[in-house]
Amino acid sequence: DGGITQSPKYLFRKEGQNVTLSCEQNLNHDAMYWYRQDPGQGLRLIYYSQIVNDFQKGDIAEGYSVSREKKESFPLTVTSAQKNPTAFYLCASSIVKLTGELFFGEGSRLTVL
Amino acid sequence: KNEVEQSPQNLTAQEGEFITINCSYSVGISALHWLQQHPGGGIVSLFMLSSGKKKHGRLIATINIQEKHSSLHITASHPRDSAVYICAVPIPQGGSEKLVFGKGTKLTVNP
């Protein structure tokens, strides 16, 4: 079955460490997105990519980095520069235009100790 | 002012009740998404609509483009419908589009 796989589901990090969250899709979608979800807030866009080897900053990109070397993969690195990284992270994909169906992964919950 | 507003924020119902969740937005849009987030955190797309009404099982979504308003209805609600329901709209940004999300409506259906 086609879908999006995120890993790990839960991740604990010490302050000062970089961590990378994995996002893989087998839907042949060109566009992929990373969102952050905090309690009581709507999802906020971190980075998005509409094509391989190209990506753009979203609304809250500071302290994060991404790569898009393959169509299927869009990993997110939470760097030590992110001051408040504890959150729930969701990866999504769609056909390039956002007027098509969205597919989300199950999310990764990052906790900084 | 948020570009996407949902109401109510929280909703508790008894099994079998008819549920309505509302979404209002402030910009012209090409389509609107209704999403369901389960307690575990995963999100599932329920509907994408640009006009009129769509129905899937006990779920019905309507949109009024002129009034910039959409509703999600659940008929004969069941405890398994308990989830957070989120509406999202794509808005133009820098030659592309980005999704703006509502804060969600937490629905609890009691048996």
# chains A, B, ... in the order shown; residues from 1 in each chain; ligands from 1
>>> closest_atom_pairs(of="chain B", to="chain A", cutoff="12 Å", atoms="only C-alpha atoms", output="Markdown table")
| residue | atom | partner | partner_atom | distance |
| --- | --- | --- | --- | --- |
| B:Asn2 | CA | A:Gly42 | CA | 10.1 |
| B:Glu3 | CA | A:Gly42 | CA | 11.1 |
| B:Val4 | CA | A:Gly42 | CA | 9.5 |
| B:Glu5 | CA | A:Gly42 | CA | 10.2 |
| B:Gln6 | CA | A:Gly42 | CA | 10.5 |
| B:Gln9 | CA | A:Gly40 | CA | 9.5 |
| B:Asn10 | CA | A:Gly40 | CA | 11.3 |
| B:Ile29 | CA | A:Thr99 | CA | 9.6 |
| B:Ser30 | CA | A:Thr99 | CA | 6.9 |
| B:Ala31 | CA | A:Thr99 | CA | 5.7 |
| B:Leu32 | CA | A:Thr99 | CA | 7.8 |
| B:His33 | CA | A:Glu101 | CA | 8.1 |
| B:Trp34 | CA | A:Leu102 | CA | 9.9 |
| B:Leu35 | CA | A:Leu102 | CA | 9.0 |
| B:Gln36 | CA | A:Phe104 | CA | 10.6 |
| B:Gln37 | CA | A:Glu106 | CA | 9.6 |
| B:His38 | CA | A:Glu106 | CA | 9.5 |
| B:Pro39 | CA | A:Glu106 | CA | 10.8 |
| B:Gly40 | CA | A:Glu106 | CA | 7.9 |
| B:Gly41 | CA | A:Glu106 | CA | 6.3 |
| B:Gly42 | CA | A:Glu106 | CA | 4.0 |
| B:Ile43 | CA | A:Phe104 | CA | 5.7 |
| B:Val44 | CA | A:Phe104 | CA | 6.6 |
| B:Ser45 | CA | A:Leu102 | CA | 6.1 |
| B:Leu46 | CA | A:Glu101 | CA | 8.9 |
| B:Phe47 | CA | A:Glu101 | CA | 7.8 |
| B:Met48 | CA | A:Glu101 | CA | 6.4 |
| B:Leu49 | CA | A:Thr99 | CA | 8.4 |
| B:Ser50 | CA | A:Thr99 | CA | 8.4 |
| B:Val84 | CA | A:Gly42 | CA | 11.3 |
| B:Tyr85 | CA | A:Gly42 | CA | 11.1 |
| B:Ile86 | CA | A:Gly42 | CA | 8.4 |
| B:Cys87 | CA | A:Gly42 | CA | 9.6 |
| B:Ala88 | CA | A:Gly42 | CA | 9.3 |
| B:Val89 | CA | A:Leu98 | CA | 8.6 |
| B:Pro90 | CA | A:Leu98 | CA | 6.2 |
| B:Ile91 | CA | A:Leu98 | CA | 9.1 |
| B:Pro92 | CA | A:Leu98 | CA | 10.2 |
| B:Gln93 | CA | A:Gly58 | CA | 10.2 |
| B:Gly94 | CA | A:Gln56 | CA | 10.6 |
| B:Gly95 | CA | A:Lys97 | CA | 11.6 |
| B:Ser96 | CA | A:Lys97 | CA | 8.4 |
| B:Glu97 | CA | A:Leu98 | CA | 6.9 |
| B:Lys98 | CA | A:Leu98 | CA | 7.5 |
| B:Leu99 | CA | A:Leu98 | CA | 7.4 |
| B:Val100 | CA | A:Arg44 | CA | 7.8 |
| B:Phe101 | CA | A:Gly42 | CA | 5.4 |
| B:Gly102 | CA | A:Gly42 | CA | 5.4 |
| B:Lys103 | CA | A:Gly42 | CA | 4.1 |
| B:Gly104 | CA | A:Gly42 | CA | 6.9 |
| B:Thr105 | CA | A:Gly40 | CA | 10.2 |
| B:Lys106 | CA | A:Gly40 | CA | 10.5 |
>>> select_by_dssp(residues="range 75-106 of chain A", states="strand (DSSP E or B)", output="list of chain:residue names")
A:Leu76, A:Thr77, A:Val78, A:Ala87, A:Phe88, A:Tyr89, A:Leu90, A:Cys91, A:Ala92, A:Ser93, A:Ser94, A:Phe103, A:Phe104
>>> write_last_selection(atoms="all heavy atoms", output="short mmCIF file (atom, residue, chain, number, x, y, z; two decimals), in the first residue's frame")
data_model
loop_
_atom_site.label_atom_id
_atom_site.label_comp_id
_atom_site.auth_asym_id
_atom_site.auth_seq_id
_atom_site.Cartn_x
_atom_site.Cartn_y
_atom_site.Cartn_z
N LEU A 76 14.38 15.53 7.87
CA LEU A 76 14.45 16.80 8.59
C LEU A 76 15.46 16.68 9.72
O LEU A 76 15.38 15.75 10.52
CB LEU A 76 13.08 17.15 9.18
CG LEU A 76 13.02 18.37 10.11
CD1 LEU A 76 13.12 19.66 9.30
CD2 LEU A 76 11.73 18.35 10.94
N THR A 77 16.41 17.60 9.78
CA THR A 77 17.35 17.63 10.88
C THR A 77 17.01 18.79 11.81
O THR A 77 16.87 19.94 11.37
CB THR A 77 18.80 17.79 10.38
OG1 THR A 77 19.14 16.65 9.59
CG2 THR A 77 19.79 17.91 11.54
N VAL A 78 16.84 18.44 13.07
CA VAL A 78 16.61 19.45 14.10
C VAL A 78 17.97 19.75 14.71
O VAL A 78 18.58 18.87 15.34
CB VAL A 78 15.62 18.94 15.17
CG1 VAL A 78 15.30 20.03 16.17
CG2 VAL A 78 14.34 18.42 14.51
N ALA A 87 8.45 18.95 20.36
CA ALA A 87 7.21 19.13 19.60
C ALA A 87 6.88 17.83 18.88
O ALA A 87 7.63 16.85 18.91
CB ALA A 87 7.37 20.26 18.57
N PHE A 88 5.76 17.86 18.21
CA PHE A 88 5.32 16.76 17.36
C PHE A 88 5.55 17.19 15.92
O PHE A 88 5.13 18.27 15.51
CB PHE A 88 3.83 16.48 17.63
CG PHE A 88 3.31 15.25 16.96
CD1 PHE A 88 3.82 14.00 17.27
CD2 PHE A 88 2.27 15.33 16.05
CE1 PHE A 88 3.32 12.86 16.67
CE2 PHE A 88 1.76 14.19 15.44
CZ PHE A 88 2.29 12.95 15.76
N TYR A 89 6.25 16.34 15.16
CA TYR A 89 6.62 16.70 13.79
C TYR A 89 5.89 15.79 12.81
O TYR A 89 5.90 14.56 12.96
CB TYR A 89 8.13 16.57 13.60
CG TYR A 89 8.90 17.59 14.40
CD1 TYR A 89 9.31 17.33 15.71
CD2 TYR A 89 9.22 18.82 13.85
CE1 TYR A 89 9.99 18.26 16.44
CE2 TYR A 89 9.92 19.78 14.57
CZ TYR A 89 10.30 19.49 15.87
OH TYR A 89 10.99 20.44 16.61
N LEU A 90 5.28 16.39 11.82
CA LEU A 90 4.52 15.66 10.81
C LEU A 90 5.07 15.92 9.43
O LEU A 90 5.34 17.06 9.05
CB LEU A 90 3.05 16.07 10.85
CG LEU A 90 2.23 15.47 11.98
CD1 LEU A 90 1.07 16.36 12.33
CD2 LEU A 90 1.73 14.09 11.58
N CYS A 91 5.22 14.85 8.67
CA CYS A 91 5.63 14.93 7.28
C CYS A 91 4.40 14.68 6.42
O CYS A 91 3.52 13.87 6.77
CB CYS A 91 6.70 13.89 7.01
SG CYS A 91 7.29 13.84 5.31
N ALA A 92 4.30 15.36 5.30
CA ALA A 92 3.17 15.19 4.40
C ALA A 92 3.63 15.26 2.96
O ALA A 92 4.73 15.75 2.66
CB ALA A 92 2.10 16.27 4.66
N SER A 93 2.79 14.76 2.08
CA SER A 93 3.10 14.86 0.66
C SER A 93 1.83 15.11 -0.13
O SER A 93 0.71 14.86 0.36
CB SER A 93 3.78 13.59 0.14
OG SER A 93 2.85 12.53 0.03
N SER A 94 2.00 15.63 -1.32
CA SER A 94 0.86 15.86 -2.20
C SER A 94 1.38 15.96 -3.63
O SER A 94 2.58 16.11 -3.87
CB SER A 94 0.13 17.16 -1.84
OG SER A 94 0.91 18.28 -2.16
N PHE A 103 -1.43 13.56 2.07
CA PHE A 103 -1.12 12.34 2.80
C PHE A 103 -0.12 12.70 3.90
O PHE A 103 0.86 13.40 3.64
CB PHE A 103 -0.52 11.29 1.87
CG PHE A 103 -1.51 10.72 0.90
CD1 PHE A 103 -1.84 11.40 -0.26
CD2 PHE A 103 -2.13 9.51 1.15
CE1 PHE A 103 -2.75 10.90 -1.15
CE2 PHE A 103 -3.05 8.99 0.26
CZ PHE A 103 -3.37 9.68 -0.90
N PHE A 104 -0.40 12.21 5.10
CA PHE A 104 0.46 12.50 6.24
C PHE A 104 1.07 11.21 6.78
O PHE A 104 0.47 10.14 6.70
CB PHE A 104 -0.34 13.15 7.38
CG PHE A 104 -0.70 14.58 7.13
CD1 PHE A 104 -1.81 14.91 6.38
CD2 PHE A 104 0.08 15.60 7.66
CE1 PHE A 104 -2.13 16.24 6.15
CE2 PHE A 104 -0.25 16.93 7.43
CZ PHE A 104 -1.36 17.24 6.68
#
>>> closest_residue(among="B:Phe18, B:Lys54, B:Pro8, B:Val109", to="Pro79 in chain B", atoms="only C-alpha atoms")
B:Val109
>>> closest_residue(among="A:Asn53, A:Thr5, A:Asn84, A:Asn28", to="Val66 in chain A", atoms="only C-alpha atoms")
A:Asn53
>>> atom_distance(atom1="CA of Gln6 in chain A", atom2="CA of Ser65 in chain A")
16.4 Å
>>> residues_around(residues="Asn18 in chain A", least_positions_apart="4", cutoff="9 Å", atoms="only C-alpha atoms", output="list in words")
Arg13, Lys14, Thr77, Val78, Thr79, Ser80 and Ala81 of chain A
>>> closest_residue(among="B:Ser77, B:Gln66, B:Ser51, B:Ser71", to="Cys23 in chain B", atoms="only C-alpha atoms")
B:Ser71
